[in-house]
$ cat target-v4.pdb   # PDB, C-alpha atoms
ATOM      1  CA  MET G 105     -17.188   2.406  31.127
ATOM      2  CA  LYS G 106     -19.753   4.849  29.777
ATOM      3  CA  LEU G 107     -17.109   7.597  29.403
ATOM      4  CA  ARG G 108     -14.891   5.263  27.362
ATOM      5  CA  HIS G 109     -17.842   4.379  25.120
ATOM      6  CA  ALA G 110     -18.653   8.074  24.640
ATOM      7  CA  ARG G 111     -15.025   8.803  23.742
ATOM      8  CA  SER G 112     -15.018   5.962  21.214
ATOM      9  CA  ILE G 113     -18.115   7.380  19.569
ATOM     10  CA  ALA G 114     -16.594  10.883  19.570
ATOM     11  CA  VAL G 115     -13.411   9.613  17.889
ATOM     12  CA  PHE G 116     -15.498   7.752  15.311
ATOM     13  CA  VAL G 117     -17.494  10.926  14.533
ATOM     14  CA  ILE G 118     -14.308  12.987  14.235
ATOM     15  CA  VAL G 119     -12.768  10.459  11.840
ATOM     16  CA  LEU G 120     -15.997  10.363   9.834
ATOM     17  CA  VAL G 121     -16.093  14.155   9.632
ATOM     18  CA  ALA G 122     -12.431  14.289   8.637
ATOM     19  CA  LEU G 123     -12.858  11.687   5.920
ATOM     20  CA  THR G 124     -16.015  13.175   4.435
ATOM     21  CA  GLY G 125     -14.611  16.694   4.740
ATOM     22  CA  ALA G 126     -11.445  15.681   2.866
ATOM     23  CA  ARG G 127     -13.557  14.094   0.169
ATOM     24  CA  ARG G 128     -15.479  17.311  -0.353
ATOM     25  CA  SER G 129     -12.345  19.460  -0.421
ATOM     26  CA  GLY G 130     -12.018  19.052  -4.187
ATOM     27  CA  GLY G 131      -8.214  19.022  -4.072
ATOM     28  CA  GLY G 132      -5.832  16.674  -5.756
ATOM     29  CA  GLY G 133      -7.823  15.740  -8.843
ATOM     30  CA  CYS G 134      -6.418  15.653 -12.355
ATOM     31  CA  ASP G 135      -6.951  18.550 -14.696
ATOM     32  CA  ASP G 136      -5.865  19.587 -18.150
ATOM     33  CA  ASN G 137      -3.828  22.514 -16.863
ATOM     34  CA  ASP G 138      -0.096  21.785 -17.078
ATOM     35  CA  SER G 139       1.067  24.500 -14.716
ATOM     36  CA  GLY G 140       4.281  22.725 -13.691
ATOM     37  CA  SER G 141       4.038  23.697 -10.041
ATOM     38  CA  GLY G 142       6.670  21.117  -9.104
ATOM     39  CA  SER G 143       5.545  20.559  -5.537
ATOM     40  CA  SER G 144       7.676  17.852  -3.965
ATOM     41  CA  HIS G 145       5.844  17.126  -0.738
ATOM     42  CA  GLY G 146       2.642  17.460   1.209
ATOM     43  CA  SER G 147      -0.653  15.876   0.506
ATOM     44  CA  SER G 148      -3.653  17.027  -1.401
ATOM     45  CA  GLY G 149      -7.269  16.274  -0.774
ATOM     46  CA  GLY G 150      -7.605  13.582  -3.410
ATOM     47  CA  GLY G 151     -11.012  12.084  -3.901
ATOM     48  CA  SER G 152     -13.010  10.952  -6.839
ATOM     49  CA  GLY G 153     -15.063  14.098  -7.329
ATOM     50  CA  ASP G 154     -18.363  12.193  -7.154
ATOM     51  CA  TYR G 155     -19.755  14.032  -4.129
ATOM     52  CA  ASP G 156     -23.537  14.027  -3.973
ATOM     53  CA  GLU G 157     -24.684  17.530  -3.001
ATOM     54  CA  ASP G 158     -28.050  16.199  -1.818
ATOM     55  CA  SER G 159     -26.505  14.134   0.987
ATOM     56  CA  SER G 160     -26.639  15.633   4.448
ATOM     57  CA  ALA G 161     -23.381  16.668   6.107
ATOM     58  CA  PRO G 162     -22.480  15.060   9.435
ATOM     59  CA  VAL G 163     -22.516  17.167  12.565
ATOM     60  CA  ALA G 164     -19.092  18.636  13.384
ATOM     61  CA  PRO G 165     -17.552  17.974  16.799
ATOM     62  CA  SER G 166     -17.664  20.612  19.499
ATOM     63  CA  PRO G 167     -14.930  23.224  19.033
ATOM     64  CA  SER G 168     -14.009  22.854  22.710
ATOM     65  CA  SER G 169     -12.571  19.379  22.059
ATOM     66  CA  THR G 170     -10.469  18.781  18.976
ATOM     67  CA  THR G 171      -8.148  16.075  17.693
ATOM     68  CA  SER G 172      -5.514  16.687  15.045
ATOM     69  CA  TYR G 173      -4.072  13.881  12.953
ATOM     70  CA  GLY G 174      -0.418  14.911  12.791
ATOM     71  CA  GLU G 175      -0.180  16.459   9.343
ATOM     72  CA  ASN G 176       0.063  20.013  10.719
ATOM     73  CA  ASP G 177       1.669  19.190  14.072
ATOM     74  CA  VAL G 178       5.277  19.048  12.814
ATOM     75  CA  THR G 179       7.290  21.873  11.252
ATOM     76  CA  VAL G 180      10.897  22.406  10.199
ATOM     77  CA  GLU G 181      12.200  25.571  11.871
ATOM     78  CA  ALA G 182      15.689  25.623  10.270
ATOM     79  CA  CYS G 183      17.715  23.544   7.817
ATOM     80  CA  GLU G 184      21.449  23.642   7.177
ATOM     81  CA  LEU G 185      23.805  21.442   5.140
ATOM     82  CA  THR G 186      27.544  21.576   5.835
ATOM     83  CA  PRO G 187      29.720  19.852   3.203
ATOM     84  CA  GLU G 188      32.592  17.657   4.420
ATOM     85  CA  ASN G 189      33.825  16.606   0.951
ATOM     86  CA  ASP G 190      32.414  16.276  -2.576
ATOM     87  CA  TYR G 191      30.053  13.414  -1.644
ATOM     88  CA  LEU G 192      29.427  13.726   2.109
ATOM     89  CA  GLY G 193      28.000  16.403   4.374
ATOM     90  CA  ARG G 194      26.188  16.954   7.672
ATOM     91  CA  ALA G 195      22.524  17.905   7.638
ATOM     92  CA  ARG G 196      21.275  19.804  10.678
ATOM     93  CA  LEU G 197      17.588  20.559  11.053
ATOM     94  CA  THR G 198      15.626  22.174  13.849
ATOM     95  CA  TYR G 199      12.047  20.982  14.304
ATOM     96  CA  ARG G 200       8.937  21.731  16.336
ATOM     97  CA  VAL G 201       6.261  19.170  17.212
ATOM     98  CA  THR G 202       3.066  20.612  18.718
ATOM     99  CA  ASN G 203       0.281  18.293  19.852
ATOM    100  CA  GLY G 204      -2.814  19.759  18.200
ATOM    101  CA  ASN G 205      -5.184  17.822  20.466
ATOM    102  CA  THR G 206      -7.012  19.703  23.207
ATOM    103  CA  ASP G 207      -7.673  16.735  25.462
ATOM    104  CA  GLN G 208      -5.412  13.766  24.612
ATOM    105  CA  SER G 209      -1.671  13.103  24.665
ATOM    106  CA  ALA G 210      -0.087  11.795  21.471
ATOM    107  CA  GLY G 211       3.044  10.050  20.251
ATOM    108  CA  TYR G 212       4.790  10.855  16.980
ATOM    109  CA  GLU G 213       7.005   9.023  14.499
ATOM    110  CA  VAL G 214       8.369  11.596  12.049
ATOM    111  CA  THR G 215      10.523  11.198   8.963
ATOM    112  CA  PHE G 216      12.116  14.334   7.573
ATOM    113  CA  ALA G 217      13.840  14.581   4.191
ATOM    114  CA  VAL G 218      16.819  16.696   3.226
ATOM    115  CA  LEU G 219      16.570  17.339  -0.513
ATOM    116  CA  ARG G 220      18.866  18.830  -3.134
ATOM    117  CA  THR G 221      16.975  21.928  -4.238
ATOM    118  CA  SER G 222      17.726  21.638  -7.958
ATOM    119  CA  ASP G 223      16.186  18.216  -8.610
ATOM    120  CA  LYS G 224      14.668  17.084  -5.260
ATOM    121  CA  GLN G 225      17.186  14.222  -4.857
ATOM    122  CA  VAL G 226      17.008  12.844  -1.298
ATOM    123  CA  LEU G 227      20.288  13.383   0.548
ATOM    124  CA  THR G 228      19.193  11.904   3.891
ATOM    125  CA  LEU G 229      16.046  10.904   5.821
ATOM    126  CA  PRO G 230      16.426  11.889   9.498
ATOM    127  CA  THR G 231      13.819  10.390  11.836
ATOM    128  CA  LEU G 232      12.331  11.428  15.160
ATOM    129  CA  SER G 233      10.274   9.635  17.817
ATOM    130  CA  VAL G 234       8.267  11.437  20.486
ATOM    131  CA  ALA G 235       6.806   8.933  22.953
ATOM    132  CA  SER G 236       4.142  11.154  24.517
ATOM    133  CA  LEU G 237       3.356  14.829  24.174
ATOM    134  CA  ALA G 238       0.663  16.399  26.347
ATOM    135  CA  PRO G 239      -2.288  18.195  24.706
ATOM    136  CA  GLY G 240      -1.299  21.595  23.311
ATOM    137  CA  LYS G 241       2.363  21.185  24.309
ATOM    138  CA  SER G 242       5.368  21.543  21.999
ATOM    139  CA  GLN G 243       8.740  19.882  21.738
ATOM    140  CA  THR G 244      11.606  21.432  19.821
ATOM    141  CA  GLY G 245      15.006  20.034  19.043
ATOM    142  CA  THR G 246      17.786  19.614  16.527
ATOM    143  CA  ILE G 247      18.759  16.538  14.536
ATOM    144  CA  THR G 248      22.190  16.187  12.924
ATOM    145  CA  GLU G 249      22.756  13.381  10.445
ATOM    146  CA  ALA G 250      25.139  12.432   7.632
ATOM    147  CA  ALA G 251      23.995  13.346   4.122
ATOM    148  CA  THR G 252      25.321  11.920   0.862
ATOM    149  CA  THR G 253      24.992  12.687  -2.823
ATOM    150  CA  ALA G 254      25.647  10.419  -5.802
ATOM    151  CA  ALA G 255      27.024  13.367  -7.775
ATOM    152  CA  ASP G 256      30.220  15.080  -6.599
ATOM    153  CA  ASP G 257      28.450  18.366  -5.863
ATOM    154  CA  MET G 258      28.073  18.357  -2.050
ATOM    155  CA  ARG G 259      30.287  21.457  -1.713
ATOM    156  CA  THR G 260      28.151  23.543  -4.068
ATOM    157  CA  LEU G 261      24.588  22.305  -3.753
ATOM    158  CA  ASP G 262      21.648  24.067  -2.169
ATOM    159  CA  SER G 263      19.329  21.987  -0.022
ATOM    160  CA  HIS G 264      16.083  22.248   1.917
ATOM    161  CA  CYS G 265      14.308  20.141   4.526
ATOM    162  CA  ILE G 266      10.719  18.931   4.537
ATOM    163  CA  VAL G 267       8.464  16.880   6.785
ATOM    164  CA  SER G 268       8.172  13.700   4.734
ATOM    165  CA  ARG G 269       5.893  11.541   6.899
ATOM    166  CA  VAL G 270       4.106  11.813  10.252
ATOM    167  CA  THR G 271       2.463   8.967  12.141
ATOM    168  CA  LYS G 272       0.531  10.138  15.188
ATOM    169  CA  THR G 273      -0.614   7.614  17.810
ATOM    170  CA  ASN G 274      -2.599   7.596  21.053
ATOM    171  CA  PHE G 275      -5.452   9.796  19.850
TER
END

$ encode --input "target-v4.pdb" --output "structure tokens"
Amino acid sequence: MKLRHARSIAVFVIVLVALTGARRSGGGGCDDNDSGSGSSHGSSGGGSGDYDEDSSAPVAPSPSSTTSYGENDVTVEACELTPENDYLGRARLTYRVTNGNTDQSAGYEVTFAVLRTSDKQVLTLPTLSVASLAPGKSQTGTITEAATTAADDMRTLDSHCIVSRVTKTNF
């Protein structure tokens, strides 16, 4: 019972550190610079920018025991779109899921997106479920799914795949 209580406190501290660390990251705010970077995915730090420099920082967890939250655990290794006609094609993507935890198994629900490169139109949203992945272990695989376009340009379009959403459980 005491070990479970200690783990609960450790998870709480890690979440607290992650949340306060993300708040201090300074990313994601609005600025007057219109650089037109055009990023279509990923997440930025966000935050309101009202960090009080006089507040004390929480103690970071021991580096010998870490928990990741899924955002960096999934990568697209390869992405290919094969046209079948002007409106329909087959998207094939190869992925890698690596459990970033050092001491806990985790499950993953992942949504990928296959996008038309020119305007980021979504062609398909392949999904993946990994029930349980041991700490530090990886799973690789390939997903093939139908892709469609509203325009009649499937035979000529360029596409790319991204990790759209990751939900990590059991940590």

$ residues_around --input "target-v4.pdb" --residues "Glu213 (chain G)" --least-positions-apart "5" --cutoff "6 Å" --atoms "only C-alpha atoms" --output "list in words"
Leu232, Ser233, Val270 and Thr271 of chain G

$ resolve_selection --input "target-v4.pdb" --expression "the PyMOL selection byres ((chain G and resi 199) around 8)" --output "list in words"
Val178, Thr179, Val180, Glu181, Ala182, Leu197, Thr198, Arg200, Val201, Thr244, Gly245 and Thr246 of chain G

$ atom_distance --input "target-v4.pdb" --atom1 "CA of Thr202 (chain G)" --atom2 "CA of Ala235 (chain G)"
13.0 Å

$ atom_distance --input "target-v4.pdb" --atom1 "CA of Gln243 (chain G)" --atom2 "CA of Asn205 (chain G)"
14.1 Å

$ resolve_selection --input "target-v4.pdb" --expression "the PyMOL selection byres ((chain G and resi 175) around 10)" --output "list of chain:residue names"
G:Gly146, G:Ser147, G:Ser172, G:Tyr173, G:Gly174, G:Asn176, G:Asp177, G:Val178, G:Thr179, G:Gly204, G:Val267, G:Ser268, G:Arg269, G:Val270, G:Thr271, G:Lys272

$ resolve_selection --input "target-v4.pdb" --expression "the PyMOL selection byres ((chain G and resi 261) around 12)" --output "ChimeraX atom specification"
/G:184-187,189-193,218-225,227,251-253,255-260,262-264

$ closest_residue --input "target-v4.pdb" --among "G:Thr273, G:Thr206, G:Leu237, G:Val226" --to "Ala254 (chain G)" --atoms "all atoms listed in the file"
G:Val226

$ atom_distance --input "target-v4.pdb" --atom1 "CA of Arg196 (chain G)" --atom2 "CA of Glu249 (chain G)"
6.6 Å

$ closest_residue --input "target-v4.pdb" --among "G:Ala195, G:Ala250, G:Cys183, G:Ile266" --to "Val214 (chain G)" --atoms "all atoms listed in the file"
G:Ile266
